[in-house]
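Asker: I'm passing along run.cif; it holds mmCIF, C-alpha atoms.
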data_protein
loop_
_atom_site.label_atom_id
_atom_site.label_comp_id
_atom_site.auth_asym_id
_atom_site.auth_seq_id
_atom_site.Cartn_x
_atom_site.Cartn_y
_atom_site.Cartn_z
CA MET G 1 18.13 37.73 29.19
CA SER G 2 17.94 41.29 30.43
CA ALA G 3 19.95 42.45 27.47
CA GLU G 4 18.24 45.84 27.82
CA GLY G 5 20.08 46.31 31.15
CA GLY G 6 18.63 48.81 33.55
CA LEU G 7 15.05 47.66 32.96
CA THR G 8 12.87 46.60 35.84
CA THR G 9 11.41 43.13 35.91
CA ALA G 10 7.96 44.48 35.10
CA GLY G 11 9.42 46.56 32.31
CA TYR G 12 11.21 43.54 30.83
CA ILE G 13 8.02 41.50 30.80
CA GLN G 14 6.03 44.43 29.47
CA HIS G 15 8.57 44.95 26.71
CA HIS G 16 8.31 41.33 25.64
CA LEU G 17 4.55 41.45 25.49
CA THR G 18 4.29 44.60 23.41
CA ASN G 19 3.60 44.30 19.72
CA LEU G 20 5.36 46.30 17.07
CA ARG G 21 2.48 48.60 16.26
CA VAL G 22 1.84 51.21 13.61
CA GLY G 23 -1.22 53.42 13.57
CA GLU G 24 -3.68 54.22 16.30
CA GLY G 25 -7.06 52.98 17.46
CA PHE G 26 -8.79 50.27 15.49
CA TRP G 27 -6.76 50.83 12.36
CA ALA G 28 -3.52 50.06 14.11
CA LEU G 29 -1.54 47.12 12.70
CA HIS G 30 0.68 44.69 14.58
CA LEU G 31 3.48 44.47 12.07
CA ASP G 32 5.37 41.75 13.94
CA THR G 33 2.34 39.42 13.98
CA LEU G 34 1.54 40.09 10.34
CA ILE G 35 5.12 39.74 9.11
CA VAL G 36 6.15 36.71 11.18
CA SER G 37 2.95 34.74 10.49
CA GLY G 38 3.01 35.73 6.82
CA LEU G 39 6.67 34.80 6.32
CA LEU G 40 6.24 31.49 8.13
CA GLY G 41 3.17 30.72 6.04
CA LEU G 42 4.83 31.68 2.77
CA VAL G 43 7.91 29.59 3.54
CA VAL G 44 6.02 26.51 4.75
CA PHE G 45 3.19 26.52 2.21
CA GLY G 46 5.56 27.54 -0.57
CA LEU G 47 7.76 24.58 0.29
CA MET G 48 4.75 22.26 0.46
CA ALA G 49 3.42 23.54 -2.87
CA LYS G 50 6.85 23.07 -4.45
CA VAL G 51 7.15 19.50 -3.17
CA ALA G 52 3.52 18.75 -4.07
CA GLY G 53 4.09 20.05 -7.60
CA LYS G 54 6.89 17.53 -8.05
CA ALA G 55 5.13 14.79 -6.10
CA THR G 56 5.59 11.36 -7.57
CA SER G 57 3.39 8.35 -7.06
CA GLY G 58 6.56 6.26 -7.19
CA VAL G 59 9.08 6.08 -4.37
CA PRO G 60 8.82 9.46 -2.58
CA GLY G 61 11.81 11.47 -1.40
CA ASN G 62 12.37 12.24 2.27
CA LEU G 63 10.69 15.66 2.18
CA GLN G 64 7.72 14.43 0.17
CA MET G 65 7.37 11.50 2.55
CA PHE G 66 7.37 13.81 5.57
CA ILE G 67 4.80 16.15 4.04
CA GLU G 68 2.66 13.18 3.00
CA LEU G 69 2.88 11.87 6.55
CA VAL G 70 1.51 15.14 7.99
CA VAL G 71 -1.05 15.66 5.25
CA GLY G 72 -2.12 12.02 5.41
CA MET G 73 -2.59 12.25 9.19
CA VAL G 74 -4.82 15.32 8.79
CA ASP G 75 -6.72 13.68 5.95
CA GLN G 76 -7.32 10.61 8.10
CA GLN G 77 -8.77 12.81 10.85
CA VAL G 78 -11.02 14.50 8.31
CA LYS G 79 -12.15 11.14 6.90
CA ASP G 80 -12.91 9.82 10.39
CA THR G 81 -14.93 12.86 11.45
CA PHE G 82 -16.30 14.63 8.40
CA HIS G 83 -18.67 12.45 6.39
CA GLY G 84 -19.90 15.00 3.88
CA LYS G 85 -18.29 15.76 0.56
CA SER G 86 -16.21 18.89 0.37
CA ALA G 87 -13.03 19.85 -1.43
CA LEU G 88 -12.45 22.54 1.20
CA VAL G 89 -12.37 20.76 4.54
CA THR G 90 -9.13 18.80 4.12
CA PRO G 91 -7.11 21.76 2.74
CA LEU G 92 -8.57 23.93 5.51
CA ALA G 93 -7.55 21.43 8.16
CA ILE G 94 -4.07 21.04 6.65
CA THR G 95 -3.61 24.80 6.55
CA ILE G 96 -4.68 25.21 10.17
CA PHE G 97 -2.54 22.38 11.51
CA VAL G 98 0.62 23.31 9.65
CA TRP G 99 0.36 27.06 10.05
CA VAL G 100 -0.59 27.02 13.74
CA PHE G 101 2.16 24.48 14.38
CA VAL G 102 4.94 26.56 12.81
CA MET G 103 3.70 29.77 14.45
CA ASN G 104 3.54 28.06 17.84
CA ALA G 105 6.99 26.62 17.23
CA MET G 106 8.42 30.15 17.25
CA ASP G 107 7.99 29.83 21.00
CA LEU G 108 10.91 27.39 21.08
CA ILE G 109 13.36 30.06 19.95
CA PRO G 110 14.82 31.48 23.19
CA VAL G 111 12.77 34.54 24.11
CA ASP G 112 15.49 37.14 23.71
CA PHE G 113 17.18 36.03 20.49
CA LEU G 114 14.95 37.70 17.94
CA PRO G 115 13.98 40.83 19.96
CA VAL G 116 17.66 41.58 20.64
CA ALA G 117 18.55 41.01 16.99
CA ALA G 118 15.65 43.27 15.99
CA SER G 119 16.62 46.06 18.38
CA ALA G 120 20.12 45.91 16.90
CA VAL G 121 18.62 47.02 13.58
CA GLY G 122 16.36 49.63 15.17
CA VAL G 123 13.15 47.69 15.75
CA HIS G 124 12.36 48.16 19.42
CA TYR G 125 9.38 45.93 19.92
CA LEU G 126 9.02 42.41 18.58
CA LYS G 127 6.57 39.79 19.78
CA VAL G 128 7.87 36.72 18.02
CA VAL G 129 5.06 34.19 18.52
CA PRO G 130 2.13 35.28 16.32
CA THR G 131 -0.33 32.96 18.11
CA THR G 132 0.11 35.00 21.30
CA ASP G 133 -1.66 37.83 19.50
CA PRO G 134 -5.45 37.51 19.89
CA ASN G 135 -5.86 39.30 16.57
CA LEU G 136 -4.43 36.27 14.83
CA THR G 137 -6.37 33.64 16.77
CA PHE G 138 -9.64 35.57 16.38
CA ALA G 139 -8.95 36.11 12.69
CA MET G 140 -8.56 32.37 12.19
CA ALA G 141 -11.52 31.51 14.41
CA LEU G 142 -13.81 33.99 12.67
CA THR G 143 -12.70 32.77 9.24
CA VAL G 144 -13.53 29.23 10.35
CA PHE G 145 -16.86 30.56 11.66
CA GLY G 146 -17.61 32.18 8.30
CA ILE G 147 -16.74 28.97 6.42
CA MET G 148 -18.97 27.08 8.86
CA ILE G 149 -21.97 29.30 8.05
CA TRP G 150 -21.20 29.05 4.33
CA MET G 151 -21.07 25.25 4.69
CA ASN G 152 -24.44 25.26 6.49
CA LEU G 153 -26.00 27.30 3.69
CA LYS G 154 -24.40 25.21 0.98
CA VAL G 155 -25.45 21.84 2.40
CA LYS G 156 -28.89 22.70 3.82
CA GLY G 157 -29.87 25.71 1.75
CA PHE G 158 -31.14 28.92 3.33
CA GLY G 159 -34.53 27.41 4.20
CA GLY G 160 -33.07 24.31 5.70
CA TYR G 161 -30.55 26.29 7.73
CA MET G 162 -33.23 28.61 9.10
CA HIS G 163 -35.49 25.64 9.83
CA GLU G 164 -32.69 23.99 11.78
CA ILE G 165 -31.88 27.17 13.71
CA PHE G 166 -35.47 27.69 14.83
CA THR G 167 -36.68 24.11 15.36
CA ALA G 168 -33.74 22.21 16.83
CA PRO G 169 -33.60 20.91 19.47
CA PHE G 170 -37.08 21.62 21.00
CA GLY G 171 -39.36 21.81 17.95
CA ALA G 172 -41.15 24.70 16.26
CA LYS G 173 -43.26 25.71 19.32
CA LEU G 174 -40.18 26.89 21.19
CA ALA G 175 -38.63 28.71 18.25
CA PRO G 176 -37.23 31.69 20.23
CA VAL G 177 -35.59 29.39 22.76
CA ASN G 178 -34.12 27.32 19.97
CA PHE G 179 -32.81 30.45 18.32
CA ILE G 180 -31.17 31.74 21.49
CA PHE G 181 -29.63 28.34 22.17
CA ARG G 182 -28.29 28.21 18.65
CA VAL G 183 -26.81 31.70 18.82
CA VAL G 184 -25.06 30.93 22.10
CA GLU G 185 -23.80 27.62 20.73
CA ASP G 186 -22.49 29.12 17.51
CA VAL G 187 -20.96 32.23 19.05
CA ALA G 188 -19.19 30.09 21.62
CA LYS G 189 -17.43 28.19 18.87
CA PRO G 190 -15.13 30.90 17.45
CA ILE G 191 -14.58 32.44 20.88
CA SER G 192 -13.50 29.17 22.42
CA LEU G 193 -11.31 28.37 19.39
CA ALA G 194 -9.57 31.74 19.50
CA LEU G 195 -9.18 32.04 23.25
CA ARG G 196 -7.98 28.47 23.73
CA LEU G 197 -5.08 28.90 21.32
CA PHE G 198 -4.30 32.43 22.49
CA GLY G 199 -4.45 31.52 26.20
CA ASN G 200 -2.25 28.46 25.89
CA MET G 201 0.41 30.16 23.82
CA TYR G 202 0.33 33.40 25.82
CA ALA G 203 0.72 31.49 29.07
CA GLY G 204 3.53 29.38 27.64
CA GLU G 205 5.32 32.47 26.38
CA MET G 206 4.85 34.11 29.79
CA VAL G 207 6.48 31.14 31.51
CA PHE G 208 9.43 31.36 29.10
CA ILE G 209 9.80 35.07 29.92
CA LEU G 210 9.65 34.42 33.66
CA ILE G 211 12.23 31.66 33.33
CA ALA G 212 14.43 34.02 31.35
CA LEU G 213 14.35 36.43 34.31
CA LEU G 214 16.18 33.92 36.52
CA GLY G 215 19.62 34.65 35.15
CA LEU G 216 21.85 31.59 35.00
CA TYR G 217 19.23 29.41 36.69
CA GLN G 218 17.13 29.63 33.55
CA LEU G 219 19.34 27.03 31.88
CA PRO G 220 18.12 23.93 33.77
CA LEU G 221 14.54 25.27 33.64
CA ALA G 222 14.18 26.52 30.08
CA LEU G 223 15.07 23.17 28.55
CA PRO G 224 12.42 21.02 30.31
CA TRP G 225 9.79 23.71 29.76
CA ALA G 226 10.72 23.83 26.08
CA LEU G 227 10.42 20.05 25.92
CA PHE G 228 6.97 20.18 27.51
CA HIS G 229 6.11 23.04 25.26
CA ILE G 230 6.72 20.88 22.17
CA LEU G 231 3.71 18.87 23.34
CA ILE G 232 1.61 22.00 23.89
CA ILE G 233 2.56 23.40 20.48
CA THR G 234 1.55 20.23 18.68
CA LEU G 235 -1.52 19.66 20.82
CA GLN G 236 -2.89 23.17 20.32
CA ALA G 237 -2.36 22.97 16.56
CA PHE G 238 -4.10 19.57 16.57
CA VAL G 239 -6.99 20.78 18.75
CA PHE G 240 -7.63 23.81 16.58
CA MET G 241 -7.62 21.60 13.48
CA MET G 242 -9.76 18.89 15.07
CA LEU G 243 -12.41 21.32 16.37
CA THR G 244 -12.56 22.97 12.96
CA ILE G 245 -13.23 19.58 11.37
CA VAL G 246 -15.89 18.83 13.99
CA TYR G 247 -17.61 22.19 13.40
CA MET G 248 -17.52 21.56 9.65
CA SER G 249 -19.04 18.14 10.04
CA MET G 250 -21.74 19.57 12.33
CA ALA G 251 -22.45 22.17 9.68
CA ALA G 252 -22.65 19.54 6.96
CA GLU G 253 -24.99 17.20 8.84
CA SER G 254 -28.53 17.82 9.98
CA HIS G 255 -29.24 17.77 13.66
CA MET J 256 -4.17 42.71 24.12
CA SER J 257 -6.17 44.81 21.77
CA ILE J 258 -8.26 43.89 18.79
CA ASN J 259 -7.50 46.01 15.77
CA ALA J 260 -7.07 45.90 12.01
CA THR J 261 -4.39 43.23 12.40
CA LEU J 262 -7.34 40.86 12.56
CA ILE J 263 -8.32 41.73 9.00
CA GLY J 264 -4.74 41.30 7.81
CA GLN J 265 -4.49 37.92 9.50
CA ALA J 266 -7.76 36.80 7.97
CA ILE J 267 -6.34 37.71 4.56
CA TRP J 268 -3.14 35.74 5.24
CA PHE J 269 -5.28 32.80 6.39
CA ALA J 270 -7.42 32.96 3.25
CA ILE J 271 -4.31 33.11 1.05
CA PHE J 272 -2.77 30.08 2.73
CA ILE J 273 -6.03 28.11 2.53
CA TRP J 274 -6.14 28.95 -1.17
CA ILE J 275 -2.52 27.82 -1.70
CA THR J 276 -3.17 24.56 0.13
CA MET J 277 -6.42 23.98 -1.72
CA LYS J 278 -4.96 24.67 -5.13
CA TYR J 279 -1.29 23.68 -5.05
CA VAL J 280 -0.65 21.43 -2.06
CA TRP J 281 -3.53 19.08 -1.42
CA PRO J 282 -4.70 17.99 -4.92
CA PRO J 283 -1.29 16.85 -6.26
CA LEU J 284 -0.41 15.18 -2.97
CA GLN J 285 -3.78 13.47 -2.77
CA GLN J 286 -3.43 12.27 -6.33
CA ALA J 287 0.10 10.98 -5.77
CA MET J 288 -0.95 9.20 -2.58
CA ALA J 289 -4.04 7.67 -4.19
CA GLU J 290 -2.00 6.57 -7.19
CA ARG J 291 0.64 4.99 -4.99
CA GLN J 292 -2.04 3.25 -2.97
CA LYS J 293 -3.51 1.87 -6.17
CA GLN J 294 -0.09 0.77 -7.42
CA ILE J 295 0.56 -1.05 -4.16
CA ALA J 296 -2.86 -2.67 -4.24
CA ASP J 297 -2.33 -3.71 -7.87
CA GLY J 298 1.10 -5.08 -7.02
CA LEU J 299 -0.27 -7.11 -4.14
CA ALA J 300 -3.10 -8.41 -6.33
CA ALA J 301 -0.61 -9.31 -9.06
CA ALA J 302 1.55 -11.14 -6.53
CA GLU J 303 -1.51 -13.02 -5.29
CA ARG J 304 -2.47 -13.89 -8.86
CA GLY J 305 1.09 -15.01 -9.60
CA LYS J 306 1.04 -17.25 -6.56
CA GLN J 307 -2.26 -18.79 -7.64
CA GLU J 308 -0.96 -19.29 -11.17
CA GLN J 309 2.15 -20.91 -9.81
CA GLU J 310 0.08 -23.24 -7.66
CA LEU J 311 -2.06 -24.08 -10.67
CA ALA J 312 1.04 -24.72 -12.77
CA ALA J 313 2.47 -26.96 -10.05
CA LYS J 314 -0.80 -28.91 -10.03
CA HIS J 315 -0.71 -29.17 -13.81
CA ALA J 316 2.87 -30.36 -13.66
CA ALA J 317 1.98 -33.00 -11.06
CA ASP J 318 -0.97 -34.12 -13.19
CA ALA J 319 1.19 -34.32 -16.30
CA LEU J 320 3.83 -36.27 -14.40
CA ARG J 321 1.24 -38.73 -13.12
CA THR J 322 -0.27 -39.16 -16.59
CA ALA J 323 3.16 -39.69 -18.05
CA LYS J 324 3.95 -42.28 -15.41
CA GLU J 325 0.66 -44.08 -16.07
CA LYS J 326 1.29 -44.04 -19.80
CA ALA J 327 4.83 -45.25 -19.32
CA SER J 328 3.71 -48.18 -17.18
CA GLU J 329 1.02 -48.96 -19.74
CA VAL J 330 3.60 -48.90 -22.52
CA ILE J 331 5.88 -51.11 -20.47
CA ALA J 332 3.06 -53.58 -19.83
CA VAL J 333 2.14 -53.68 -23.52
CA ALA J 334 5.77 -54.08 -24.46
CA GLU J 335 6.20 -56.93 -22.00
CA LYS J 336 3.13 -58.63 -23.35
CA ARG J 337 4.35 -58.13 -26.89
CA ALA J 338 7.78 -59.49 -25.99
CA GLN J 339 6.20 -62.52 -24.42
CA GLN J 340 4.06 -63.00 -27.48
CA ILE J 341 7.08 -62.71 -29.73
CA VAL J 342 8.91 -65.25 -27.64
CA GLU J 343 5.88 -67.55 -27.76
CA ASP J 344 5.59 -67.10 -31.49
CA ALA J 345 9.28 -67.75 -31.94
CA LYS J 346 9.01 -70.83 -29.78
CA GLY J 347 6.06 -72.11 -31.84
CA GLN J 348 7.80 -71.43 -35.11
CA ALA J 349 10.95 -73.05 -33.90
CA LYS J 350 8.98 -76.09 -32.88
CA VAL J 351 7.26 -76.28 -36.25
CA GLU J 352 10.60 -75.82 -37.98
CA ALA J 353 12.19 -78.43 -35.80
CA ASP J 354 9.34 -80.84 -36.42
CA LYS J 355 9.69 -80.18 -40.11
CA VAL J 356 13.44 -80.81 -39.97
CA VAL J 357 12.93 -83.93 -37.88
CA SER J 358 10.24 -85.31 -40.13
CA GLY J 359 12.37 -84.47 -43.20
CA ALA J 360 15.29 -86.21 -41.67
CA LYS J 361 13.11 -89.16 -40.77
CA ALA J 362 11.79 -89.37 -44.29
CA GLU J 363 15.29 -89.17 -45.67
CA ILE J 364 16.45 -91.83 -43.30
CA GLU J 365 13.59 -94.05 -44.34
CA GLN J 366 14.37 -93.37 -47.95
CA GLU J 367 18.01 -94.19 -47.30
CA VAL J 368 17.04 -97.33 -45.51
CA GLU J 369 14.77 -98.26 -48.38
CA ARG J 370 17.54 -97.59 -50.82
CA ALA J 371 19.98 -99.56 -48.75
CA LYS J 372 17.49 -102.37 -48.61
CA GLN J 373 17.06 -102.15 -52.35
CA GLN J 374 20.78 -102.26 -52.83
CA LEU J 375 20.99 -105.05 -50.41
CA ARG J 376 18.35 -106.95 -52.33
CA GLU J 377 20.24 -106.38 -55.53
CA ARG J 378 23.42 -107.50 -53.88
CA VAL J 379 21.74 -110.51 -52.28
CA ALA J 380 20.59 -111.66 -55.69
CA GLU J 381 24.08 -111.20 -57.02
CA LEU J 382 25.54 -112.91 -54.00
CA ALA J 383 23.09 -115.70 -54.35
CA VAL J 384 23.92 -116.09 -57.98
CA ALA J 385 27.62 -115.93 -57.24
CA GLY J 386 27.14 -118.41 -54.42
CA ALA J 387 25.16 -120.69 -56.60
CA GLU J 388 27.78 -120.39 -59.35
CA LYS J 389 30.42 -121.35 -56.93
CA ILE J 390 28.30 -124.20 -55.65
CA LEU J 391 27.40 -125.41 -59.00
CA LYS J 392 30.92 -124.71 -60.35
CA LYS J 393 29.32 -123.69 -63.45
CA GLU J 394 27.83 -120.68 -64.91
CA VAL J 395 24.21 -120.33 -64.23
CA ASN J 396 22.15 -118.51 -66.64
CA ALA J 397 20.82 -115.55 -64.77
CA ALA J 398 18.06 -115.02 -67.14
CA ALA J 399 16.96 -118.57 -66.81
CA HIS J 400 16.58 -118.16 -63.09
CA SER J 401 15.29 -114.69 -63.05
CA ASP J 402 11.89 -115.79 -61.85
CA MET J 403 13.40 -117.49 -58.88
CA LEU J 404 15.62 -114.46 -58.14
CA THR J 405 12.79 -112.06 -58.31
CA SER J 406 10.74 -114.07 -55.93
CA LEU J 407 13.75 -114.23 -53.68
CA LYS J 408 14.13 -110.43 -53.77
CA GLN J 409 10.56 -109.97 -52.85
CA GLY J 410 10.83 -112.45 -50.08
CA LEU J 411 13.49 -110.33 -48.35
#
Show me the file's structure as structure tokens.
Answerer:
Amino acid sequence: MSAEGGLTTAGYIQHHLTNLRVGEGFWALHLDTLIVSGLLGLVVFGLMAKVAGKATSGVPGNLQMFIELVVGMVDQQVKDTFHGKSALVTPLAITIFVWVFVMNAMDLIPVDFLPVAASAVGVHYLKVVPTTDPNLTFAMALTVFGIMIWMNLKVKGFGGYMHEIFTAPFGAKLAPVNFIFRVVEDVAKPISLALRLFGNMYAGEMVFILIALLGLYQLPLALPWALFHILIITLQAFVFMMLTIVYMSMAAESH
Amino acid sequence: MSINATLIGQAIWFAIFIWITMKYVWPPLQQAMAERQKQIADGLAAAERGKQEQELAAKHAADALRTAKEKASEVIAVAEKRAQQIVEDAKGQAKVEADKVVSGAKAEIEQEVERAKQQLRERVAELAVAGAEKILKKEVNAAAHSDMLTSLKQGL
């Protein structure tokens, strides 16, 4: 903690919550979010692809068994909830669960380890947990939103989709009301997805930072919070995945 | 918190990872899992079939054993009957043989008796002649008395 001695409490917190940014205005990039999430994704999905490429239907090795366990759990959720036929939904759900989980898990690394290591090599700002950046959560939520609309169009066709938007749930006579309802319903989906993940992880990170401010007393506090946080990490990854599956199944079925 | 171009970058990362999962992670894993499931199902079915076959074989074996036992007892019964018959036959033959021997012996004895009688007759005539010679102290002409001797022989 307080490795940057001389900082105020507010300054310490502020420092931890500042992204490594290049550029100005809208075209600014949060390099730490992009690099950490990208590296984690490349490592995890590269490993999964490597294991999957050598996957045997015989007795699986430990790593293959573990990956099959995770992938099989996600697939079971998809089978239980999504009744349409799509080659996309299961890979999408797997990607979300695994990626969000590993990004959230960065929270378990003590808050000062990586920023201090980074400042030692001249990088002064580093926000380690990518899911505490709303850019990431909104990017995922909007991508899911786009896939959802694509799924609607693919399953129902343009006519069918429009018909559903303007006639459900009150019938053709109340078409404007139906439309407004539908817009509110659909816009709420990506916003709730993005803000739920962001809020949970941001708050969790904030608690870690506050605990880190306590000096030596952080030791008996950081551990139980980290243990609780394991639940939050997994739960948020699961919720994001589950809601995505639900939205996909709503898109693939008529009202 | 500020929304900026990072969002676009993250969406690209997300799309790349979805593509990797869709192309390189999920299909081979799904195939391997489905294949293993099928192998296990086949194995269980084969085990079930094997068990049924074994039960069937056990039933066959029991049937065969019972048939064999029935046949064996039949054979034993036939053999016993045959043995009894043989014994009966042997007894009958022996009796016939014995009867034959007995009757032969009887006939022989009768013959012997007859012969002895004959000899006796001959000897009686001689004795009578000898006795008469002694009585008469003179030779008697046997031929002269042959009629009387013959009648004597027949009278015995």
Asker: Just give me the gap between CA of Leu231 in chain G and CA of Thr244 in chain G in Å, one decimal is fine.
Answerer: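 A separation of 19.7 Å between them.
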Asker: With the file shown as input, list the residues that the PyMOL selection byres ((chain J and resi 379-386) around 12) selects, as a VMD selection string.
Answerer: chain J and resid 371 to 378 387 to 411
Asker: Those residues with C-alpha atoms, as a PDB file, in the coordinates of the input please?
Answerer:
ATOM      1  CA  ALA J 371      19.980 -99.560 -48.750  1.00  0.00           C
ATOM      2  CA  LYS J 372      17.490-102.370 -48.610  1.00  0.00           C
ATOM      3  CA  GLN J 373      17.060-102.150 -52.350  1.00  0.00           C
ATOM      4  CA  GLN J 374      20.780-102.260 -52.830  1.00  0.00           C
ATOM      5  CA  LEU J 375      20.990-105.050 -50.410  1.00  0.00           C
ATOM      6  CA  ARG J 376      18.350-106.950 -52.330  1.00  0.00           C
ATOM      7  CA  GLU J 377      20.240-106.380 -55.530  1.00  0.00           C
ATOM      8  CA  ARG J 378      23.420-107.500 -53.880  1.00  0.00           C
ATOM      9  CA  ALA J 387      25.160-120.690 -56.600  1.00  0.00           C
ATOM     10  CA  GLU J 388      27.780-120.390 -59.350  1.00  0.00           C
ATOM     11  CA  LYS J 389      30.420-121.350 -56.930  1.00  0.00           C
ATOM     12  CA  ILE J 390      28.300-124.200 -55.650  1.00  0.00           C
ATOM     13  CA  LEU J 391      27.400-125.410 -59.000  1.00  0.00           C
ATOM     14  CA  LYS J 392      30.920-124.710 -60.350  1.00  0.00           C
ATOM     15  CA  LYS J 393      29.320-123.690 -63.450  1.00  0.00           C
ATOM     16  CA  GLU J 394      27.830-120.680 -64.910  1.00  0.00           C
ATOM     17  CA  VAL J 395      24.210-120.330 -64.230  1.00  0.00           C
ATOM     18  CA  ASN J 396      22.150-118.510 -66.640  1.00  0.00           C
ATOM     19  CA  ALA J 397      20.820-115.550 -64.770  1.00  0.00           C
ATOM     20  CA  ALA J 398      18.060-115.020 -67.140  1.00  0.00           C
ATOM     21  CA  ALA J 399      16.960-118.570 -66.810  1.00  0.00           C
ATOM     22  CA  HIS J 400      16.580-118.160 -63.090  1.00  0.00           C
ATOM     23  CA  SER J 401      15.290-114.690 -63.050  1.00  0.00           C
ATOM     24  CA  ASP J 402      11.890-115.790 -61.850  1.00  0.00           C
ATOM     25  CA  MET J 403      13.400-117.490 -58.880  1.00  0.00           C
ATOM     26  CA  LEU J 404      15.620-114.460 -58.140  1.00  0.00           C
ATOM     27  CA  THR J 405      12.790-112.060 -58.310  1.00  0.00           C
ATOM     28  CA  SER J 406      10.740-114.070 -55.930  1.00  0.00           C
ATOM     29  CA  LEU J 407      13.750-114.230 -53.680  1.00  0.00           C
ATOM     30  CA  LYS J 408      14.130-110.430 -53.770  1.00  0.00           C
ATOM     31  CA  GLN J 409      10.560-109.970 -52.850  1.00  0.00           C
ATOM     32  CA  GLY J 410      10.830-112.450 -50.080  1.00  0.00           C
ATOM     33  CA  LEU J 411      13.490-110.330 -48.350  1.00  0.00           C
TER      34      LEU J 411
END
Asker: Name the residues that the PyMOL selection byres ((chain G) within 8 of (chain J)) picks from the file above, as a PyMOL selection string, using the file's chain letters and numbers.
Answerer: chain G and resi 25-31+33-34+38+41-42+45+48-49+52-53+55-58+68+71+87-88+90-92+94-95+133-136+138-140+143
Asker: Would you list the contacts of Asp32 in chain G as a short mmCIF file (atom, residue, chain, number, x, y, z; two decimals) with C-alpha atoms, in the frame of the given file, taking every protein, DNA or RNA residue within 8 Å and counting all atoms listed in the file, but skipping same-chain residues closer than 4 positions in sequence?
Answerer:
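As a result, selection-v1.cif now contains:
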data_model
loop_
_atom_site.label_atom_id
_atom_site.label_comp_id
_atom_site.auth_asym_id
_atom_site.auth_seq_id
_atom_site.Cartn_x
_atom_site.Cartn_y
_atom_site.Cartn_z
CA ASN G 19 3.60 44.30 19.72
CA LEU G 20 5.36 46.30 17.07
CA ARG G 21 2.48 48.60 16.26
CA VAL G 36 6.15 36.71 11.18
CA LEU G 126 9.02 42.41 18.58
CA LYS G 127 6.57 39.79 19.78
CA VAL G 128 7.87 36.72 18.02
CA PRO G 130 2.13 35.28 16.32
#
Asker: Rounded to one decimal, what separation in Å do you get between CA of Ala118 in chain G and CA of Leu39 in chain G?
Answerer: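 Rounded to one decimal, the two atoms are 15.7 Å apart.
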